[in-house]
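Asker: What follows is input_3.cif, made up of mmCIF, C-alpha atoms:
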```
data_my_file
loop_
_atom_site.label_atom_id
_atom_site.label_comp_id
_atom_site.auth_asym_id
_atom_site.auth_seq_id
_atom_site.Cartn_x
_atom_site.Cartn_y
_atom_site.Cartn_z
CA MET A 18 106.16 67.67 105.65
CA SER A 19 106.57 71.26 106.83
CA HIS A 20 105.32 72.54 110.17
CA TRP A 21 103.43 75.16 108.13
CA ASP A 22 101.18 72.40 106.76
CA GLU A 23 99.17 72.48 109.98
CA TYR A 24 97.75 75.85 108.93
CA PRO A 25 94.78 76.04 106.53
CA LEU A 26 95.44 76.44 102.81
CA TYR A 27 93.85 79.65 101.59
CA GLY A 28 94.22 78.71 97.93
CA SER A 29 96.50 77.69 95.07
CA TYR A 30 97.56 80.10 92.30
CA ASP A 31 99.82 80.49 89.32
CA VAL A 32 101.21 83.76 90.72
CA VAL A 33 101.10 85.27 94.21
CA VAL A 34 102.31 88.84 94.67
CA ALA A 35 103.41 89.91 98.15
CA GLY A 36 102.64 93.63 98.31
CA GLY A 37 100.24 95.73 96.27
CA GLY A 38 102.29 98.90 95.99
CA THR A 39 103.20 100.54 92.69
CA ALA A 40 105.29 97.57 91.53
CA GLY A 41 103.10 94.86 93.06
CA PHE A 42 99.93 96.33 91.59
CA ALA A 43 101.49 96.25 88.12
CA ALA A 44 102.90 92.74 88.61
CA GLY A 45 99.53 91.34 89.65
CA ALA A 46 97.58 93.04 86.87
CA SER A 47 100.19 91.99 84.29
CA ALA A 48 100.16 88.33 85.36
CA ALA A 49 96.37 88.19 85.39
CA ARG A 50 96.15 89.81 81.95
CA CYS A 51 98.38 86.99 80.73
CA GLY A 52 95.72 84.54 81.85
CA LEU A 53 97.40 83.45 85.09
CA LYS A 54 95.41 82.85 88.26
CA THR A 55 96.79 85.64 90.44
CA LEU A 56 96.55 86.83 94.04
CA ILE A 57 97.87 90.14 95.41
CA VAL A 58 98.40 90.27 99.18
CA GLU A 59 98.41 93.82 100.60
CA GLU A 60 98.53 94.90 104.24
CA MET A 61 96.88 98.30 103.73
CA ALA A 62 93.35 99.05 102.47
CA CYS A 63 94.39 100.26 99.03
CA LEU A 64 96.78 99.51 96.20
CA GLY A 65 99.63 101.83 95.30
CA GLY A 66 101.71 101.98 98.47
CA THR A 67 103.79 105.14 98.59
CA SER A 68 102.13 106.53 95.46
CA THR A 69 98.70 106.48 97.16
CA ALA A 70 98.83 105.97 100.95
CA GLY A 71 102.18 107.75 101.00
CA GLY A 72 100.68 110.78 99.23
CA VAL A 73 103.59 111.30 96.83
CA GLY A 74 101.41 112.94 94.17
CA VAL A 75 103.87 112.85 91.27
CA PHE A 76 105.13 110.12 88.93
CA PHE A 77 108.84 110.17 88.14
CA GLY A 78 110.81 107.75 85.98
CA PHE A 79 109.56 108.38 82.45
CA GLU A 80 112.03 108.22 79.60
CA ARG A 81 112.87 111.55 78.04
CA GLY A 82 110.70 112.10 74.97
CA GLU A 83 107.81 109.93 76.16
CA GLU A 84 104.47 111.60 75.48
CA THR A 85 101.22 111.01 77.32
CA GLU A 86 99.28 109.87 74.26
CA ASN A 87 101.93 107.32 73.26
CA LEU A 88 102.34 105.54 76.62
CA THR A 89 101.79 101.80 76.44
CA GLY A 90 101.29 98.99 78.92
CA ILE A 91 100.06 99.42 82.46
CA VAL A 92 101.70 102.83 82.81
CA GLY A 93 99.63 104.02 79.84
CA ASP A 94 96.46 102.56 81.33
CA VAL A 95 97.11 104.26 84.66
CA MET A 96 97.72 107.62 83.00
CA ARG A 97 94.63 107.36 80.78
CA GLY A 98 92.49 106.33 83.74
CA LEU A 99 93.66 109.31 85.76
CA ILE A 100 93.20 111.76 82.88
CA GLN A 101 89.69 110.43 82.21
CA LYS A 102 88.82 111.04 85.87
CA LYS A 103 90.43 114.49 85.80
CA GLY A 104 93.07 113.34 88.25
CA CYS A 105 96.07 114.14 86.01
CA ASP A 106 96.83 116.32 83.00
CA GLY A 107 99.66 114.27 81.51
CA ILE A 108 103.43 114.43 81.39
CA HIS A 109 105.10 117.79 81.93
CA THR A 110 108.60 119.01 82.66
CA VAL A 111 109.49 119.69 86.28
CA TYR A 112 112.78 120.89 87.72
CA CYS A 113 114.36 118.95 90.60
CA LEU A 114 115.09 121.43 93.41
CA GLY A 115 114.11 124.20 90.99
CA LEU A 116 117.31 123.65 88.99
CA LYS A 117 116.92 124.37 85.26
CA ALA A 118 119.70 121.86 84.53
CA MET A 119 117.66 119.13 86.24
CA ASP A 120 114.54 119.07 84.09
CA VAL A 121 112.75 115.72 84.14
CA PRO A 122 109.48 114.44 82.67
CA ALA A 123 106.89 113.93 85.40
CA ALA A 124 103.14 113.69 85.92
CA GLN A 125 101.33 115.10 88.94
CA TYR A 126 98.17 113.27 89.97
CA ASN A 127 95.39 113.01 92.52
CA ASP A 128 96.46 110.21 94.85
CA ASP A 129 92.88 109.36 95.92
CA LEU A 130 91.78 108.92 92.31
CA LEU A 131 94.86 106.77 91.69
CA LYS A 132 93.54 104.31 94.28
CA ILE A 133 90.37 103.94 92.21
CA VAL A 134 92.21 103.66 88.89
CA MET A 135 94.42 100.90 90.29
CA ASP A 136 91.37 99.11 91.71
CA GLU A 137 89.72 99.19 88.30
CA ILE A 138 92.77 97.93 86.41
CA VAL A 139 93.34 95.03 88.81
CA HIS A 140 89.64 94.13 88.94
CA GLU A 141 89.35 94.15 85.14
CA SER A 142 92.51 92.01 84.87
CA GLY A 143 90.87 89.26 86.93
CA ALA A 144 93.49 89.30 89.69
CA GLN A 145 92.25 88.76 93.23
CA VAL A 146 93.28 91.13 96.03
CA LEU A 147 93.42 90.41 99.75
CA PHE A 148 93.63 93.71 101.64
CA HIS A 149 94.40 93.85 105.37
CA THR A 150 96.61 90.81 104.87
CA ARG A 151 100.29 90.57 105.70
CA PHE A 152 103.01 88.23 104.54
CA ILE A 153 104.77 86.74 107.57
CA ALA A 154 106.99 83.89 106.31
CA VAL A 155 107.85 81.56 103.45
CA ASP A 156 107.65 77.79 103.39
CA MET A 157 110.67 76.55 101.44
CA GLU A 158 111.65 73.22 99.93
CA GLU A 159 114.90 72.61 98.02
CA GLY A 160 115.41 76.13 96.65
CA LYS A 161 111.76 76.65 95.87
CA ILE A 162 108.98 78.47 97.73
CA ARG A 163 106.05 76.14 98.45
CA HIS A 164 103.80 78.56 100.31
CA LEU A 165 103.56 82.18 101.26
CA ILE A 166 102.48 82.35 104.90
CA ILE A 167 99.98 85.15 105.50
CA HIS A 168 98.01 86.59 108.40
CA ASN A 169 94.72 88.48 108.46
CA SER A 170 91.50 88.56 110.48
CA LYS A 171 91.08 84.81 109.85
CA GLY A 172 94.45 84.08 111.43
CA ILE A 173 97.49 82.41 109.89
CA GLN A 174 97.05 80.72 106.50
CA ARG A 175 99.27 79.49 103.69
CA VAL A 176 99.00 80.20 99.98
CA ALA A 177 100.44 77.91 97.31
CA SER A 178 101.70 79.18 93.98
CA LYS A 179 103.89 78.27 91.03
CA VAL A 180 105.56 81.71 90.97
CA PHE A 181 105.96 84.25 93.77
CA ILE A 182 106.62 87.94 93.18
CA ASP A 183 108.15 89.93 96.03
CA ALA A 184 106.84 93.49 95.99
CA SER A 185 106.91 93.74 99.76
CA PHE A 186 108.65 97.13 100.11
CA HIS A 187 111.54 95.55 102.05
CA ALA A 188 112.38 92.45 99.96
CA SER A 189 110.95 90.56 102.93
CA VAL A 190 110.00 87.45 100.95
CA ALA A 191 113.45 87.23 99.38
CA ALA A 192 115.21 87.78 102.70
CA ASP A 193 113.12 85.11 104.44
CA ALA A 194 113.84 82.73 101.55
CA GLY A 195 117.59 83.12 102.08
CA VAL A 196 118.43 85.55 99.27
CA PRO A 197 121.43 87.75 100.17
CA CYS A 198 120.57 91.43 100.47
CA MET A 199 122.28 94.83 100.65
CA GLN A 200 121.21 97.88 102.61
CA GLY A 201 122.21 101.53 102.34
CA ASN A 202 125.45 102.84 100.88
CA THR A 203 128.96 101.52 101.45
CA GLU A 204 128.89 102.98 104.98
CA GLY A 205 125.47 101.46 105.65
CA GLU A 206 123.72 104.85 105.58
CA LEU A 207 120.15 104.78 104.28
CA GLN A 208 118.36 107.60 102.51
CA PRO A 209 115.86 109.31 104.85
CA GLY A 210 112.11 108.87 104.85
CA THR A 211 109.59 111.63 104.12
CA LEU A 212 106.04 112.12 105.35
CA MET A 213 104.09 114.00 102.69
CA TYR A 214 101.41 116.50 103.62
CA LYS A 215 98.95 118.83 101.87
CA THR A 216 97.92 122.41 102.42
CA GLY A 217 94.78 124.15 101.18
CA ASN A 218 93.74 127.69 100.24
CA VAL A 219 97.10 128.47 98.66
CA ASP A 220 97.72 131.36 96.28
CA PHE A 221 100.05 129.32 94.11
CA ALA A 222 100.56 132.06 91.53
CA GLN A 223 102.07 134.22 94.25
CA TYR A 224 104.34 131.35 95.32
CA GLU A 225 105.49 130.68 91.74
CA ALA A 226 106.33 134.37 91.33
CA PHE A 227 108.67 134.09 94.33
CA PRO A 228 112.18 133.72 92.78
CA VAL A 229 114.04 130.43 93.34
CA SER A 230 117.03 132.33 94.73
CA GLN A 231 114.79 133.92 97.35
CA ARG A 232 113.23 130.54 98.16
CA ARG A 233 116.67 129.14 98.89
CA LYS A 234 117.54 132.12 101.09
CA LEU A 235 114.28 131.76 103.01
CA ALA A 236 114.78 128.00 103.44
CA ALA A 237 118.26 128.69 104.86
CA GLU A 238 116.72 131.07 107.38
CA GLY A 239 114.18 128.40 108.33
CA LEU A 240 116.97 125.89 108.85
CA ALA A 241 118.89 128.34 111.01
CA SER A 242 115.84 128.95 113.21
CA GLY A 243 115.14 125.22 113.54
CA ASP A 244 111.72 125.47 111.88
CA MET A 245 112.76 123.83 108.59
CA VAL A 246 114.49 120.46 108.17
CA VAL A 247 115.58 120.68 104.51
CA ASN A 248 117.46 123.37 102.64
CA PHE A 249 114.86 124.08 99.95
CA LEU A 250 111.16 124.88 99.57
CA LEU A 251 109.15 122.26 97.72
CA ALA A 252 105.47 122.71 96.98
CA ARG A 253 103.64 121.35 93.94
CA GLN A 254 100.12 122.35 93.01
CA LEU A 255 97.59 119.54 92.72
CA GLN A 256 94.13 120.87 91.91
CA ASN A 257 92.44 124.19 92.68
CA THR A 258 94.20 125.66 95.73
CA THR A 259 95.62 122.40 97.14
CA VAL A 260 99.37 121.87 97.30
CA PHE A 261 101.47 118.90 98.39
CA HIS A 262 104.78 119.18 100.17
CA ASN A 263 107.97 117.13 100.35
CA GLN A 264 109.46 118.93 103.35
CA THR A 265 110.18 116.37 106.07
CA ARG A 266 113.32 114.28 106.52
CA ILE A 267 113.43 111.36 108.92
CA PRO A 268 116.63 109.34 109.42
CA VAL A 269 114.99 105.94 109.72
CA ASN A 270 115.84 102.27 109.42
CA PRO A 271 112.62 100.47 108.44
CA LEU A 272 114.20 97.14 109.40
CA ASP A 273 114.30 98.34 113.02
CA PRO A 274 110.63 98.38 114.14
CA GLU A 275 111.23 100.62 117.16
CA ASN A 276 113.21 103.12 115.11
CA TRP A 277 110.60 103.11 112.34
CA SER A 278 107.76 103.58 114.84
CA GLU A 279 109.49 106.54 116.47
CA GLY A 280 110.21 107.93 113.00
CA GLU A 281 106.50 108.07 112.16
CA ARG A 282 105.85 110.10 115.32
CA VAL A 283 108.74 112.48 114.66
CA ALA A 284 107.58 112.90 111.06
CA ARG A 285 104.15 114.16 112.16
CA GLU A 286 105.86 116.49 114.61
CA GLN A 287 107.95 117.87 111.74
CA VAL A 288 104.87 118.39 109.56
CA LEU A 289 103.20 120.56 112.21
CA ARG A 290 106.32 122.66 112.82
CA VAL A 291 107.29 123.09 109.17
CA SER A 292 103.78 123.87 107.92
CA LYS A 293 103.27 126.57 110.59
CA TRP A 294 106.52 128.20 109.49
CA TRP A 295 105.39 128.14 105.86
CA PHE A 296 102.10 129.89 106.72
CA THR A 297 104.00 132.69 108.42
CA ASN A 298 106.92 133.10 106.03
CA VAL A 299 106.30 131.81 102.50
CA PRO A 300 104.51 134.03 99.95
CA GLY A 301 101.16 132.58 98.85
CA PHE A 302 100.66 130.62 102.07
CA GLN A 303 99.52 133.41 104.38
CA ASP A 304 95.90 132.14 104.40
CA ALA A 305 96.68 128.46 103.87
CA TYR A 306 95.99 125.64 106.30
CA LEU A 307 97.15 122.07 106.87
CA SER A 308 94.54 119.93 105.09
CA SER A 309 95.93 116.39 105.40
CA ILE A 310 98.91 114.29 106.43
CA SER A 311 99.64 111.04 104.61
CA PRO A 312 98.90 107.92 106.69
CA VAL A 313 102.39 106.49 106.25
CA MET A 314 105.90 107.79 105.72
CA GLY A 315 107.43 107.27 102.31
CA LEU A 316 110.69 105.31 102.43
CA ARG A 317 113.39 105.70 99.81
CA ASP A 318 115.59 102.92 101.09
CA SER A 319 115.46 99.43 102.55
CA ARG A 320 116.84 96.04 101.49
CA ARG A 321 118.03 95.40 97.94
CA ILE A 322 118.59 91.86 96.74
CA VAL A 323 121.84 90.54 95.33
CA GLY A 324 120.41 89.05 92.14
CA LYS A 325 121.86 87.36 89.09
CA PHE A 326 122.95 90.80 87.90
CA VAL A 327 123.75 93.81 90.09
CA LEU A 328 123.17 97.07 88.24
CA THR A 329 125.87 99.58 89.21
CA GLY A 330 125.83 103.35 89.18
CA LYS A 331 128.75 103.29 86.74
CA GLU A 332 126.81 101.21 84.19
CA LEU A 333 123.71 103.30 84.74
CA MET A 334 125.61 106.52 84.09
CA LYS A 335 126.97 105.13 80.80
CA GLY A 336 123.45 104.21 79.69
CA GLU A 337 124.48 100.59 79.19
CA HIS A 338 121.82 98.76 77.18
CA TYR A 339 121.13 95.07 77.77
CA PRO A 340 119.50 92.42 75.57
CA ASP A 341 117.09 91.70 78.44
CA THR A 342 116.19 95.34 79.15
CA ILE A 343 112.72 95.58 80.73
CA ALA A 344 112.56 99.28 81.71
CA SER A 345 114.22 102.52 80.66
CA SER A 346 114.21 105.88 82.40
CA SER A 347 115.74 109.34 82.29
CA TYR A 348 115.43 110.06 86.00
CA PRO A 349 118.71 111.26 87.57
CA ILE A 350 120.64 109.65 90.37
CA ASP A 351 118.91 111.33 93.30
CA VAL A 352 120.46 110.79 96.72
CA HIS A 353 118.71 112.41 99.67
CA HIS A 354 121.05 112.76 102.63
CA ARG A 355 120.04 112.02 106.20
CA ASP A 356 121.01 115.56 107.11
CA GLY A 357 118.53 117.80 105.29
CA LYS A 358 121.02 120.66 105.49
CA ARG A 359 123.11 118.97 102.78
CA GLU A 360 122.14 119.48 99.15
CA ASN A 361 120.72 116.40 97.40
CA THR A 362 123.19 114.65 95.14
CA LEU A 363 121.66 114.92 91.65
CA ILE A 364 123.50 113.42 88.66
CA ARG A 365 121.92 113.07 85.25
CA PRO A 366 122.84 109.87 83.35
CA ALA A 367 125.51 110.82 80.82
CA ALA A 368 123.57 109.11 78.03
CA GLY A 369 120.34 110.82 79.09
CA VAL A 370 118.71 107.45 79.69
CA PHE A 371 119.44 104.25 81.60
CA HIS A 372 118.16 100.69 81.30
CA VAL A 373 117.25 97.92 83.74
CA PRO A 374 117.83 94.26 82.78
CA TYR A 375 115.54 91.37 83.71
CA ARG A 376 118.39 89.69 85.57
CA CYS A 377 118.04 92.31 88.34
CA LEU A 378 114.69 90.69 89.24
CA ILE A 379 115.87 87.10 89.68
CA THR A 380 118.08 85.26 92.14
CA ARG A 381 120.38 82.26 92.14
CA GLU A 382 118.96 80.93 95.39
CA VAL A 383 115.22 80.68 94.67
CA GLU A 384 113.98 79.33 91.35
CA ASN A 385 110.35 80.52 91.50
CA LEU A 386 110.88 84.05 92.88
CA LEU A 387 110.87 87.43 91.17
CA VAL A 388 111.63 90.69 93.01
CA VAL A 389 110.23 94.00 91.76
CA GLY A 390 110.25 97.70 92.63
CA ARG A 391 112.95 99.52 94.54
CA CYS A 392 114.34 96.30 96.07
CA ILE A 393 115.72 94.89 92.81
CA SER A 394 119.41 94.05 92.44
CA ALA A 395 121.38 97.31 92.24
CA ASP A 396 124.07 99.15 94.13
CA ASP A 397 123.16 102.23 96.16
CA ILE A 398 123.95 104.68 93.34
CA ALA A 399 121.87 102.89 90.69
CA HIS A 400 119.11 102.41 93.26
CA ALA A 401 118.95 106.17 93.75
CA ALA A 402 117.80 106.55 90.12
CA LEU A 403 115.56 103.50 89.67
CA ARG A 404 113.63 103.68 92.95
CA VAL A 405 110.88 105.97 91.57
CA THR A 406 107.32 104.98 90.70
CA ILE A 407 107.26 104.61 86.91
CA THR A 408 110.36 102.41 86.89
CA CYS A 409 108.89 100.35 89.72
CA MET A 410 105.64 99.93 87.79
CA ARG A 411 107.52 98.76 84.71
CA THR A 412 109.58 96.19 86.61
CA GLY A 413 106.31 94.89 88.02
CA GLU A 414 104.69 94.58 84.60
CA ALA A 415 107.77 92.77 83.28
CA ALA A 416 107.62 90.30 86.17
CA GLY A 417 104.02 89.38 85.38
CA ARG A 418 104.95 88.69 81.77
CA ALA A 419 108.04 86.76 82.83
CA ALA A 420 105.91 84.47 85.00
CA LYS A 421 103.73 83.67 81.99
CA ALA A 422 106.72 83.06 79.68
CA ALA A 423 108.45 80.78 82.19
CA LEU A 424 105.33 78.76 82.99
CA ASP A 425 104.58 78.32 79.27
CA ALA A 426 108.15 77.15 78.67
CA GLY A 427 108.09 74.85 81.69
CA ILE A 428 111.19 76.42 83.23
CA PRO A 429 111.88 78.31 86.49
CA VAL A 430 111.60 82.09 86.27
CA ASN A 431 115.24 82.40 87.32
CA GLU A 432 116.29 80.44 84.22
CA LEU A 433 114.16 82.43 81.77
CA ASP A 434 116.08 84.23 79.04
CA GLY A 435 114.94 87.80 79.61
CA ASN A 436 115.51 88.60 75.94
CA VAL A 437 112.03 87.19 75.23
CA LEU A 438 110.52 90.05 77.24
#
```
I need this file expressed as structure tokens, please.
Answerer:
Amino acid sequence: MSHWDEYPLYGSYDVVVAGGGTAGFAAGASAARCGLKTLIVEEMACLGGTSTAGGVGVFFGFERGEETENLTGIVGDVMRGLIQKKGCDGIHTVYCLGLKAMDVPAAQYNDDLLKIVMDEIVHESGAQVLFHTRFIAVDMEEGKIRHLIIHNSKGIQRVASKVFIDASFHASVAADAGVPCMQGNTEGELQPGTLMYKTGNVDFAQYEAFPVSQRRKLAAEGLASGDMVVNFLLARQLQNTTVFHNQTRIPVNPLDPENWSEGERVAREQVLRVSKWWFTNVPGFQDAYLSSISPVMGLRDSRRIVGKFVLTGKELMKGEHYPDTIASSSYPIDVHHRDGKRENTLIRPAAGVFHVPYRCLITREVENLLVVGRCISADDIAHAALRVTITCMRTGEAAGRAAKAALDAGIPVNELDGNVL
């Protein structure tokens, strides 16, 4: 008997997903669509994580050649839901850092409408969601998770399940269950966080007419004066005269609560300073104003599990294809450095596409655990390409299907042959 048994049992499920972010949302909806009794536990008040509460505003991670009308699975449902609500106009080409050699397929969207689209998809799937609820521990027995321990306004409770999916943003379930994890690059350096913000009343046509070479020169002047924190100007138009910005850089370790807390404060300080400089110096922003700041900082980096297969940057660059491939993408290796004065490291996969195998989602240590999103098993270079939203969503959808396949076969998810997916 475990000491956790003294706490009330909230319920028993086929699948419990810890975290309702981009990957967790897809995992929960996928499992429920397969007919599995599913619960998603999410600490915020909405699904989507960084893609909604983080205010990112753009989907990256599509495979080159994908077209809006041909998208399948949950990604297709999300895109169609947004388009129907006039919150997205489909996949278009964007240029990373304004570089013509770094064209990638992407889709800009209204992050508030995405919350509603995700709600609808999960509700229609039959999955249950517990908002304002946080995972706090696992109850283990002989290499298997018995219960997810949660906390909300009712206090501490436990949830039983046959399969657990870790979409917790920090691989927190896996770490607590004893799965070995990696963090940062070979020197332990993590990619910085970014707090997104929006400005209104922008003359975006005037901004677009401002040459990229002049934008870089102006950004350098802003860095020199201490008003800017990155060496480029990034503004993407949403709807009407509203623009969202990726212009803050916070060296932060989310596994250090004090450091993370201070980082959120510093991020808001940066937003105020940087946005004021834009209004004074950047063409098209003379009459603009700061309209909103995202509630939470977006984090590019945290724990990554050491799974049954570790995807390396070398394999990703070669475009290695695997029999158990569950997601493919054309997004480049994209390393943001802690010092915003340094240019991002951008490397396009040599094959133009890379693939993610199912074995990156499973571990040797825990038989009934799947890990999805940016915490899957990969080195720091591969992680820098697969950490974006569409790839995360597709790993989540694959995990939901894997849970169904394993339960039907009567085998642990970490013994499932991913080829069936």
Asker: Check which residues satisfy the PyMOL selection byres ((chain A and resi 91-103) around 8) in the file shown, then give them as number ranges by chain.
Answerer: A: 43, 47, 85, 87-90, 104-107, 126-127, 130-131, 134-135, 138, 407, 410-411, 414
Asker: Go through A:Ala305, A:Ala420, A:Ala395, A:Ile173 and flag the residue nearest Lys293 (chain A), using only C-alpha atoms for the distances.
Answerer: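 Among the listed residues, the smallest separation from Lys293 (chain A) belongs to A:Ala305.
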Asker: Would you compute the distance between CA of Tyr339 (chain A) and CA of Gln208 (chain A)? Give it in Å to one decimal.
Answerer: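 CA of Gln208 (chain A) lies 27.9 Å from CA of Tyr339 (chain A).
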Asker: A:Tyr24, A:Tyr112, A:Trp294, A:Trp277: which is nearest Pro209 (chain A), counting all atoms listed in the file?
Answerer: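 Of A:Tyr24, A:Tyr112, A:Trp294, A:Trp277, the one nearest Pro209 (chain A) is A:Trp277, counting all atoms listed in the file.
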Asker: For the structure provided, state which residues fall under the PyMOL selection byres ((chain A and resi 217-219) around 6), and present them as a list of chain:residue names.
Answerer: A:Thr216, A:Asp220, A:Phe221, A:Thr258, A:Thr259, A:Gly301, A:Phe302, A:Ala305, A:Tyr306, A:Ser308
Asker: With distances taken over only C-alpha atoms, which of A:Tyr30, A:Tyr348, A:Tyr375, A:Trp21 is nearest to Lys179 (chain A)?
Answerer: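 For Lys179 (chain A), the nearest of the candidates is A:Tyr30.
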Asker: Residue by residue, what does the PyMOL selection byres ((chain A and resi 201-203) around 8) grab here? Present the result as a ChimeraX atom specification.
Answerer: /A:199-200,204-208,318-320,396-398
Asker: Which centre and which edge lengths, in Å to one decimal, describe the axis-aligned box that holds all listed atoms of region 373-385 of chain A after 3 Å is added on each side, as AutoDock Vina command-line options?
Answerer:
```
--center_x 115.4 --center_y 88.6 --center_z 89.1 --size_x 16.0 --size_y 24.6 --size_z 18.6
```
Asker: Using only C-alpha atoms, which protein or nucleic acid residues come within 10 Å of Cys377 (chain A)? Drop anything in the same chain fewer than 6 positions from it, and give the result as a list in words.
Answerer: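 Counting only C-alpha atoms, the residues come to Ile322, Val323, Gly324, Lys325, Phe326, Val327, Leu328, Asp341, Thr342, Ile343, Leu387, Val388, Val389, Cys392, Ile393, Ser394, Ala395 and Thr412 of chain A.
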Asker: Kindly indicate which residue among A:Ala402, A:Val291, A:Val373, A:Ile166 lies nearest to Glu23 (chain A), using all atoms listed in the file for the distances.
Answerer: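 Counting all atoms listed in the file, the residue closest to Glu23 (chain A) is A:Ile166.
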Asker: Rank A:Asp304, A:Ala399, A:Ala144, A:Thr67 by their smallest atom-to-atom distance to Ile350 (chain A), using only C-alpha atoms, and report the top residue only.
Answerer: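 Closest candidate: A:Ala399.
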Asker: Quick one: pull the distance between CA of Leu433 (chain A) and CA of Lys421 (chain A), Å, one decimal.
Answerer: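 The value is 10.5 Å.
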Asker: Could you pull the residues within 9 Å of Gly160 (chain A), counting all atoms listed in the file, minus those fewer than 3 positions along the same chain, as an mmCIF file with C-alpha atoms, in the frame of the given file?
Answerer:
```cif
data_model
loop_
_atom_site.group_PDB
_atom_site.id
_atom_site.type_symbol
_atom_site.label_atom_id
_atom_site.label_comp_id
_atom_site.auth_asym_id
_atom_site.auth_seq_id
_atom_site.Cartn_x
_atom_site.Cartn_y
_atom_site.Cartn_z
ATOM 1 C CA MET A 157 110.670 76.550 101.440
ATOM 2 C CA ALA A 194 113.840 82.730 101.550
ATOM 3 C CA GLU A 382 118.960 80.930 95.390
ATOM 4 C CA VAL A 383 115.220 80.680 94.670
ATOM 5 C CA GLU A 384 113.980 79.330 91.350
ATOM 6 C CA ASN A 385 110.350 80.520 91.500
#
```
Asker: Would you mind telling me which residue in A:Ala184, A:Val196, A:Val75, A:Gly37 lies nearest to Val146 (chain A) when using all atoms listed in the file?
Answerer: A:Gly37
Asker: Taking 4 positions as the minimum chain separation for residues in the same chain, which residues sit within 12 Å of Phe227 (chain A) when counting all atoms listed in the file? Answer as a ChimeraX atom specification.
Answerer: /A:115,220-223,231-235,250,298-302
Asker: Please compute the CA of Ser346 (chain A)-CA of Ile57 (chain A) distance, one decimal, in Å.
Answerer: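 A separation of 26.2 Å between them.
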Asker: Neighbouring residues of region 260-269 of chain A were defined as those with any atom within 8 Å, considering only C-alpha atoms; residues of the same chain fewer than 2 positions away were excluded. Please report them as an NGL selection string.
Answerer: :A and (74 or 207-217 or 219 or 245-247 or 250-256 or 258 or 271 or 276-277 or 280 or 283-284 or 287-288 or 291 or 355-357)
Asker: Keeping C-alpha atoms, export the residues of the selection given above as a PDB file, keeping the file's coordinate frame.
Answerer:
```
ATOM      1  CA  GLY A  74     101.410 112.940  94.170  1.00  0.00           C
ATOM      2  CA  LEU A 207     120.150 104.780 104.280  1.00  0.00           C
ATOM      3  CA  GLN A 208     118.360 107.600 102.510  1.00  0.00           C
ATOM      4  CA  PRO A 209     115.860 109.310 104.850  1.00  0.00           C
ATOM      5  CA  GLY A 210     112.110 108.870 104.850  1.00  0.00           C
ATOM      6  CA  THR A 211     109.590 111.630 104.120  1.00  0.00           C
ATOM      7  CA  LEU A 212     106.040 112.120 105.350  1.00  0.00           C
ATOM      8  CA  MET A 213     104.090 114.000 102.690  1.00  0.00           C
ATOM      9  CA  TYR A 214     101.410 116.500 103.620  1.00  0.00           C
ATOM     10  CA  LYS A 215      98.950 118.830 101.870  1.00  0.00           C
ATOM     11  CA  THR A 216      97.920 122.410 102.420  1.00  0.00           C
ATOM     12  CA  GLY A 217      94.780 124.150 101.180  1.00  0.00           C
ATOM     13  CA  VAL A 219      97.100 128.470  98.660  1.00  0.00           C
ATOM     14  CA  MET A 245     112.760 123.830 108.590  1.00  0.00           C
ATOM     15  CA  VAL A 246     114.490 120.460 108.170  1.00  0.00           C
ATOM     16  CA  VAL A 247     115.580 120.680 104.510  1.00  0.00           C
ATOM     17  CA  LEU A 250     111.160 124.880  99.570  1.00  0.00           C
ATOM     18  CA  LEU A 251     109.150 122.260  97.720  1.00  0.00           C
ATOM     19  CA  ALA A 252     105.470 122.710  96.980  1.00  0.00           C
ATOM     20  CA  ARG A 253     103.640 121.350  93.940  1.00  0.00           C
ATOM     21  CA  GLN A 254     100.120 122.350  93.010  1.00  0.00           C
ATOM     22  CA  LEU A 255      97.590 119.540  92.720  1.00  0.00           C
ATOM     23  CA  GLN A 256      94.130 120.870  91.910  1.00  0.00           C
ATOM     24  CA  THR A 258      94.200 125.660  95.730  1.00  0.00           C
ATOM     25  CA  PRO A 271     112.620 100.470 108.440  1.00  0.00           C
ATOM     26  CA  ASN A 276     113.210 103.120 115.110  1.00  0.00           C
ATOM     27  CA  TRP A 277     110.600 103.110 112.340  1.00  0.00           C
ATOM     28  CA  GLY A 280     110.210 107.930 113.000  1.00  0.00           C
ATOM     29  CA  VAL A 283     108.740 112.480 114.660  1.00  0.00           C
ATOM     30  CA  ALA A 284     107.580 112.900 111.060  1.00  0.00           C
ATOM     31  CA  GLN A 287     107.950 117.870 111.740  1.00  0.00           C
ATOM     32  CA  VAL A 288     104.870 118.390 109.560  1.00  0.00           C
ATOM     33  CA  VAL A 291     107.290 123.090 109.170  1.00  0.00           C
ATOM     34  CA  ARG A 355     120.040 112.020 106.200  1.00  0.00           C
ATOM     35  CA  ASP A 356     121.010 115.560 107.110  1.00  0.00           C
ATOM     36  CA  GLY A 357     118.530 117.800 105.290  1.00  0.00           C
TER      37      GLY A 357
END
```
